[in-house]
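Structure record follows, encoded as structure tokens.
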Amino acid sequence: MSEDDVVDARGLRCPLPVIRLAQRARDAAPGTELEVWSTDPAAAADVPAWCRMRGHTFVGARDCGEHTAYRVRLGSPGTAVS
């Protein structure tokens with residue numbers, strides 16, 4: 001995982017982790033995998049919900065001790081659920 005694929009949202013509260021993820025996803029190619037690092041417990045529900053609404057795949061989450069890493073695979077533009 002390169003630094004470009006990580007959205008470091010540690011210390012940020014809802015809705016900022018998802019906003020940062022959306023900003024990074026906007027310029028990324030379909031199929032790109034991003035990892036969101038978050039200390040906000042709300043991210044456990046927010047990141048998968050954002051994926052469903054925007055047509056991306058929530059790959060999973062792993063506990064990294066001081067933060068949780070949420071992995072997302074970006075779908076094609078225009079696949080968002082309305």
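Residue names in the structure tokens use chain letters A, B, ... in the order shown, residue numbers from 1 in each chain, and ligand numbers from 1 in the order shown.
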
| field | Surrounding residues of Ala44 of chain A excluding itself and chain neighbours under 3 positions, 9 Å, only C-alpha atoms, as a list in words | value |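 The residues satisfying every condition are Asp40, Pro41, Val47, Pro48, Ala61, Thr68 and Tyr70 of chain A.
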
Dump all heavy atoms for the selected residues as an mmCIF file, in the first residue's frame?
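Ended up saving to out.cif:
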```cif
data_model
loop_
_atom_site.group_PDB
_atom_site.id
_atom_site.type_symbol
_atom_site.label_atom_id
_atom_site.label_comp_id
_atom_site.auth_asym_id
_atom_site.auth_seq_id
_atom_site.Cartn_x
_atom_site.Cartn_y
_atom_site.Cartn_z
ATOM 1 N N ASP A 40 -12.368 7.372 14.569
ATOM 2 C CA ASP A 40 -13.765 7.687 14.856
ATOM 3 C C ASP A 40 -14.611 6.415 14.781
ATOM 4 O O ASP A 40 -14.674 5.782 13.731
ATOM 5 C CB ASP A 40 -14.279 8.714 13.845
ATOM 6 C CG ASP A 40 -15.707 9.155 14.116
ATOM 7 O OD1 ASP A 40 -16.292 8.749 15.147
ATOM 8 O OD2 ASP A 40 -16.242 9.913 13.296
ATOM 9 N N PRO A 41 -15.280 6.018 15.867
ATOM 10 C CA PRO A 41 -16.107 4.811 15.839
ATOM 11 C C PRO A 41 -17.227 4.873 14.800
ATOM 12 O O PRO A 41 -17.652 3.841 14.287
ATOM 13 C CB PRO A 41 -16.694 4.722 17.251
ATOM 14 C CG PRO A 41 -15.921 5.669 18.092
ATOM 15 C CD PRO A 41 -15.259 6.656 17.187
ATOM 16 N N VAL A 47 -18.305 4.449 6.454
ATOM 17 C CA VAL A 47 -17.541 4.057 5.260
ATOM 18 C C VAL A 47 -18.305 3.023 4.436
ATOM 19 O O VAL A 47 -18.480 3.211 3.227
ATOM 20 C CB VAL A 47 -16.115 3.595 5.627
ATOM 21 C CG1 VAL A 47 -15.399 3.021 4.412
ATOM 22 C CG2 VAL A 47 -15.314 4.750 6.227
ATOM 23 N N PRO A 48 -18.828 1.938 5.027
ATOM 24 C CA PRO A 48 -19.612 1.001 4.217
ATOM 25 C C PRO A 48 -20.873 1.641 3.607
ATOM 26 O O PRO A 48 -21.224 1.347 2.458
ATOM 27 C CB PRO A 48 -19.995 -0.114 5.203
ATOM 28 C CG PRO A 48 -18.964 -0.046 6.269
ATOM 29 C CD PRO A 48 -18.604 1.408 6.388
ATOM 30 N N ALA A 61 -12.445 -4.242 7.079
ATOM 31 C CA ALA A 61 -11.804 -3.400 8.081
ATOM 32 C C ALA A 61 -10.884 -4.267 8.931
ATOM 33 O O ALA A 61 -11.132 -5.460 9.099
ATOM 34 C CB ALA A 61 -12.855 -2.738 8.969
ATOM 35 N N THR A 68 -8.486 2.124 13.114
ATOM 36 C CA THR A 68 -9.029 1.057 12.276
ATOM 37 C C THR A 68 -8.762 1.428 10.831
ATOM 38 O O THR A 68 -8.883 2.592 10.452
ATOM 39 C CB THR A 68 -10.537 0.871 12.520
ATOM 40 O OG1 THR A 68 -10.751 0.608 13.912
ATOM 41 C CG2 THR A 68 -11.104 -0.273 11.697
ATOM 42 N N TYR A 70 -10.003 0.905 7.052
ATOM 43 C CA TYR A 70 -11.153 0.516 6.235
ATOM 44 C C TYR A 70 -10.715 0.503 4.780
ATOM 45 O O TYR A 70 -10.225 1.496 4.266
ATOM 46 C CB TYR A 70 -12.310 1.503 6.414
ATOM 47 C CG TYR A 70 -12.763 1.609 7.847
ATOM 48 C CD1 TYR A 70 -12.243 2.579 8.691
ATOM 49 C CD2 TYR A 70 -13.692 0.718 8.358
ATOM 50 C CE1 TYR A 70 -12.643 2.672 10.011
ATOM 51 C CE2 TYR A 70 -14.093 0.794 9.684
ATOM 52 C CZ TYR A 70 -13.562 1.773 10.499
ATOM 53 O OH TYR A 70 -13.961 1.845 11.810
#
```

| request: Looking only at helix (DSSP H, G or I) from DSSP on the backbone, list the matching residues of chain A as a PyMOL selection string. | output: chain A and resi 3-5+16-26+43-54

Could you take the residues named above and write them with N, CA, C and O atoms, as a compact mmCIF listing (two decimals), in the first residue's frame?
```
# COMPACT_ATOMS: atom_id res chain seq x y z
N GLU A 3 1.58 5.46 0.01
CA GLU A 3 1.05 6.62 0.73
C GLU A 3 -0.11 7.25 -0.03
O GLU A 3 -1.04 7.79 0.58
N ASP A 4 -0.09 7.17 -1.36
CA ASP A 4 -1.16 7.74 -2.18
C ASP A 4 -2.48 7.00 -2.01
O ASP A 4 -3.53 7.54 -2.34
N ASP A 5 -2.42 5.77 -1.54
CA ASP A 5 -3.63 4.95 -1.38
C ASP A 5 -4.21 5.02 0.02
O ASP A 5 -5.19 4.34 0.31
N LEU A 16 -15.94 13.93 8.67
CA LEU A 16 -14.69 14.21 7.97
C LEU A 16 -13.98 12.99 7.38
O LEU A 16 -13.43 13.10 6.27
N PRO A 17 -13.95 11.81 8.03
CA PRO A 17 -13.29 10.68 7.37
C PRO A 17 -13.91 10.34 6.01
O PRO A 17 -13.18 10.11 5.03
N VAL A 18 -15.22 10.37 5.91
CA VAL A 18 -15.89 10.07 4.64
C VAL A 18 -15.69 11.21 3.64
O VAL A 18 -15.52 10.97 2.45
N ILE A 19 -15.67 12.43 4.10
CA ILE A 19 -15.43 13.56 3.20
C ILE A 19 -14.03 13.46 2.60
O ILE A 19 -13.84 13.64 1.40
N ARG A 20 -13.05 13.12 3.42
CA ARG A 20 -11.68 12.96 2.91
C ARG A 20 -11.59 11.79 1.92
O ARG A 20 -10.90 11.88 0.91
N LEU A 21 -12.31 10.70 2.22
CA LEU A 21 -12.35 9.56 1.31
C LEU A 21 -12.96 9.98 -0.03
O LEU A 21 -12.43 9.66 -1.09
N ALA A 22 -14.06 10.70 0.00
CA ALA A 22 -14.73 11.14 -1.23
C ALA A 22 -13.82 12.04 -2.05
O ALA A 22 -13.78 11.94 -3.28
N GLN A 23 -13.08 12.93 -1.39
CA GLN A 23 -12.17 13.82 -2.10
C GLN A 23 -11.08 13.02 -2.82
O GLN A 23 -10.75 13.30 -3.97
N ARG A 24 -10.53 12.03 -2.15
CA ARG A 24 -9.48 11.21 -2.75
C ARG A 24 -10.03 10.35 -3.88
O ARG A 24 -9.41 10.17 -4.92
N ALA A 25 -11.25 9.83 -3.70
CA ALA A 25 -11.86 8.94 -4.69
C ALA A 25 -12.20 9.69 -5.98
O ALA A 25 -12.19 9.09 -7.06
N ARG A 26 -12.50 10.96 -5.87
CA ARG A 26 -12.93 11.75 -7.03
C ARG A 26 -11.93 11.69 -8.18
O ARG A 26 -12.31 11.63 -9.34
N ALA A 43 -17.04 5.74 11.81
CA ALA A 43 -16.54 5.32 10.50
C ALA A 43 -16.90 3.87 10.20
O ALA A 43 -17.04 3.50 9.03
N ALA A 44 -17.09 3.05 11.22
CA ALA A 44 -17.46 1.64 11.02
C ALA A 44 -18.78 1.52 10.27
O ALA A 44 -18.99 0.56 9.52
N ALA A 45 -19.68 2.45 10.44
CA ALA A 45 -20.95 2.46 9.71
C ALA A 45 -20.88 3.40 8.50
O ALA A 45 -21.44 3.10 7.44
N ASP A 46 -20.18 4.51 8.66
CA ASP A 46 -20.15 5.54 7.61
C ASP A 46 -19.45 5.09 6.34
O ASP A 46 -19.92 5.36 5.23
N VAL A 47 -18.31 4.45 6.45
CA VAL A 47 -17.54 4.06 5.26
C VAL A 47 -18.31 3.02 4.44
O VAL A 47 -18.48 3.21 3.23
N PRO A 48 -18.83 1.94 5.03
CA PRO A 48 -19.61 1.00 4.22
C PRO A 48 -20.87 1.64 3.61
O PRO A 48 -21.22 1.35 2.46
N ALA A 49 -21.53 2.54 4.34
CA ALA A 49 -22.71 3.21 3.82
C ALA A 49 -22.34 4.09 2.63
O ALA A 49 -23.06 4.12 1.61
N TRP A 50 -21.24 4.82 2.72
CA TRP A 50 -20.78 5.65 1.61
C TRP A 50 -20.51 4.78 0.39
O TRP A 50 -20.88 5.15 -0.74
N CYS A 51 -19.88 3.62 0.59
CA CYS A 51 -19.60 2.70 -0.52
C CYS A 51 -20.89 2.27 -1.20
O CYS A 51 -20.99 2.30 -2.44
N ARG A 52 -21.89 1.88 -0.42
CA ARG A 52 -23.18 1.45 -1.00
C ARG A 52 -23.82 2.56 -1.80
O ARG A 52 -24.33 2.34 -2.89
N MET A 53 -23.82 3.76 -1.27
CA MET A 53 -24.48 4.89 -1.92
C MET A 53 -23.75 5.34 -3.19
O MET A 53 -24.38 5.87 -4.09
N ARG A 54 -22.44 5.14 -3.24
CA ARG A 54 -21.64 5.64 -4.36
C ARG A 54 -21.23 4.56 -5.36
O ARG A 54 -20.53 4.85 -6.32
```

Write out as an mmCIF file with N, CA and C atoms, in the first residue's frame all residues of chain A that backbone DSSP assigns to strand (DSSP E or B).
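See out13.cif below for the written result:
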```cif
data_model
loop_
_atom_site.group_PDB
_atom_site.id
_atom_site.type_symbol
_atom_site.label_atom_id
_atom_site.label_comp_id
_atom_site.auth_asym_id
_atom_site.auth_seq_id
_atom_site.Cartn_x
_atom_site.Cartn_y
_atom_site.Cartn_z
ATOM 1 N N VAL A 6 -3.623 5.819 0.894
ATOM 2 C CA VAL A 6 -4.078 5.921 2.281
ATOM 3 C C VAL A 6 -4.719 7.283 2.517
ATOM 4 N N VAL A 7 -5.906 7.252 3.107
ATOM 5 C CA VAL A 7 -6.592 8.462 3.555
ATOM 6 C C VAL A 7 -6.433 8.480 5.072
ATOM 7 N N ASP A 8 -5.550 9.326 5.553
ATOM 8 C CA ASP A 8 -5.272 9.374 6.985
ATOM 9 C C ASP A 8 -6.259 10.333 7.649
ATOM 10 N N ALA A 9 -7.294 9.758 8.254
ATOM 11 C CA ALA A 9 -8.332 10.552 8.917
ATOM 12 C C ALA A 9 -8.284 10.349 10.426
ATOM 13 N N GLU A 33 -7.837 0.762 -4.994
ATOM 14 C CA GLU A 33 -8.181 0.465 -3.609
ATOM 15 C C GLU A 33 -7.578 1.536 -2.714
ATOM 16 N N LEU A 34 -8.414 2.082 -1.861
ATOM 17 C CA LEU A 34 -7.997 3.083 -0.890
ATOM 18 C C LEU A 34 -8.192 2.522 0.505
ATOM 19 N N GLU A 35 -7.396 2.978 1.438
ATOM 20 C CA GLU A 35 -7.534 2.568 2.824
ATOM 21 C C GLU A 35 -7.705 3.823 3.668
ATOM 22 N N VAL A 36 -8.766 3.848 4.452
ATOM 23 C CA VAL A 36 -9.055 4.974 5.338
ATOM 24 C C VAL A 36 -8.617 4.586 6.739
ATOM 25 N N TRP A 37 -7.743 5.386 7.319
ATOM 26 C CA TRP A 37 -7.325 5.173 8.704
ATOM 27 C C TRP A 37 -8.144 6.121 9.561
ATOM 28 N N SER A 38 -8.899 5.561 10.497
ATOM 29 C CA SER A 38 -9.770 6.397 11.312
ATOM 30 C C SER A 38 -9.794 5.935 12.762
ATOM 31 N N THR A 57 -17.036 -0.731 -3.515
ATOM 32 C CA THR A 57 -17.041 -1.971 -2.743
ATOM 33 C C THR A 57 -16.308 -1.766 -1.428
ATOM 34 N N PHE A 58 -16.989 -2.090 -0.334
ATOM 35 C CA PHE A 58 -16.333 -2.094 0.971
ATOM 36 C C PHE A 58 -15.651 -3.440 1.104
ATOM 37 N N VAL A 59 -14.332 -3.436 1.115
ATOM 38 C CA VAL A 59 -13.551 -4.680 1.144
ATOM 39 C C VAL A 59 -13.480 -5.242 2.559
ATOM 40 N N GLY A 60 -13.338 -4.370 3.546
ATOM 41 C CA GLY A 60 -13.278 -4.838 4.919
ATOM 42 C C GLY A 60 -12.553 -3.859 5.820
ATOM 43 N N ALA A 61 -12.445 -4.242 7.079
ATOM 44 C CA ALA A 61 -11.804 -3.400 8.081
ATOM 45 C C ALA A 61 -10.884 -4.267 8.931
ATOM 46 N N ARG A 62 -9.834 -3.631 9.430
ATOM 47 C CA ARG A 62 -8.946 -4.345 10.355
ATOM 48 C C ARG A 62 -8.519 -3.399 11.465
ATOM 49 N N ASP A 63 -8.441 -3.951 12.646
ATOM 50 C CA ASP A 63 -8.022 -3.194 13.828
ATOM 51 C C ASP A 63 -6.506 -3.080 13.802
ATOM 52 N N THR A 68 -8.486 2.124 13.114
ATOM 53 C CA THR A 68 -9.029 1.057 12.276
ATOM 54 C C THR A 68 -8.762 1.428 10.831
ATOM 55 N N ALA A 69 -8.396 0.445 10.025
ATOM 56 C CA ALA A 69 -8.159 0.651 8.600
ATOM 57 C C ALA A 69 -9.340 0.069 7.828
ATOM 58 N N TYR A 70 -10.003 0.905 7.052
ATOM 59 C CA TYR A 70 -11.153 0.516 6.235
ATOM 60 C C TYR A 70 -10.715 0.503 4.780
ATOM 61 N N ARG A 71 -10.895 -0.636 4.117
ATOM 62 C CA ARG A 71 -10.434 -0.784 2.728
ATOM 63 C C ARG A 71 -11.622 -0.682 1.771
ATOM 64 N N VAL A 72 -11.441 0.121 0.720
ATOM 65 C CA VAL A 72 -12.496 0.407 -0.251
ATOM 66 C C VAL A 72 -11.943 0.204 -1.651
ATOM 67 N N ARG A 73 -12.705 -0.489 -2.522
ATOM 68 C CA ARG A 73 -12.352 -0.614 -3.935
ATOM 69 C C ARG A 73 -13.312 0.263 -4.730
#
```

| said: I'd like the interatomic distance between atom CA of Ala28 of chain A and atom CA of Leu74 of chain A, to a tenth of an Å. | reply: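 Answer for the atom CA of Ala28 of chain A to atom CA of Leu74 of chain A separation: 7.9 Å.
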
| said: With distances taken over only C-alpha atoms, which residue among A:Ser2, A:Pro15, A:Ser76, A:Arg10 lies nearest Ala42 of chain A? | reply: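 Ranking A:Ser2, A:Pro15, A:Ser76, A:Arg10 by distance to Ala42 of chain A, first place goes to A:Pro15.
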